[in-house]
Amino acid sequence: MNDRPAGTGGFGQAGVGGRPVRTGADITASTAVRYALVPAPMLSLDAVARRSGLHPDLIRRFVALGLVDAERDGAGRLVFDPTAPAVLARVQRLRTGLCLNYASIGLVLDLLDRISLLEAALRGRGTRSETPPWT
């Protein structure tokens with residue numbers, strides 16, 4: 001077996017590329033590494049375009065802007081994590097629903113990810129504070 005860590009670097013997702021996978025448990029212990037036993041299947045650019053309903057050139061632009069993560073396969077083609085269509089749908093919802101430009105969408109996505117991490121950390125603590133609520 002290969003003893004290199006596999007993953008896309010995302011939370012709880014295993015993939016290819018030889019990078020460690022961070023999980024929700026890694027919020028408190030960032031040194032923990034989980035090794036994938038089976039590499040997650042990656043999607044081609046055409047498959048992501050079909051599933052998301054977007055033109056491949058627009059998806060390439062999103063990759064260049066850093067709105068969606070992609071890797072290159074051995075032939076140099078873009079390959080995506082299976083969650084990429086959901087990420088692209090989120091980008092499109094922000095674009096149409098809030099009329100944001102793509103630079104601000106990147107900022108909003110980063111802030112939403114940080115909020116999710118903080119909420120998960122609070123849920124994981126499971127303890128209540130000594131101070132009474134404001135109400």
# chains A, B, ... in the order shown; residues from 1 in each chain; ligands from 1
call {"tool": "select_by_dssp", "arguments": {"residues": "region 32-75 of chain A", "states": "strand (DSSP E)", "output": "CSV table (one decimal) with C-alpha atoms, in the first residue's frame"}}
result
chain,number,residue,atom,x,y,z
A,43,LEU,CA,-15.0,14.6,-11.7
A,44,SER,CA,-13.8,15.9,-15.1
A,71,GLU,CA,-6.4,19.8,-9.4
A,72,ARG,CA,-4.7,18.6,-12.6
call {"tool": "atom_distance", "arguments": {"atom1": "CA of Val87 (chain A)", "atom2": "CA of Ala120 (chain A)"}}
result
19.4 Å
call {"tool": "atom_distance", "arguments": {"atom1": "CA of Ile59 (chain A)", "atom2": "CA of Leu111 (chain A)"}}
result
21.6 Å
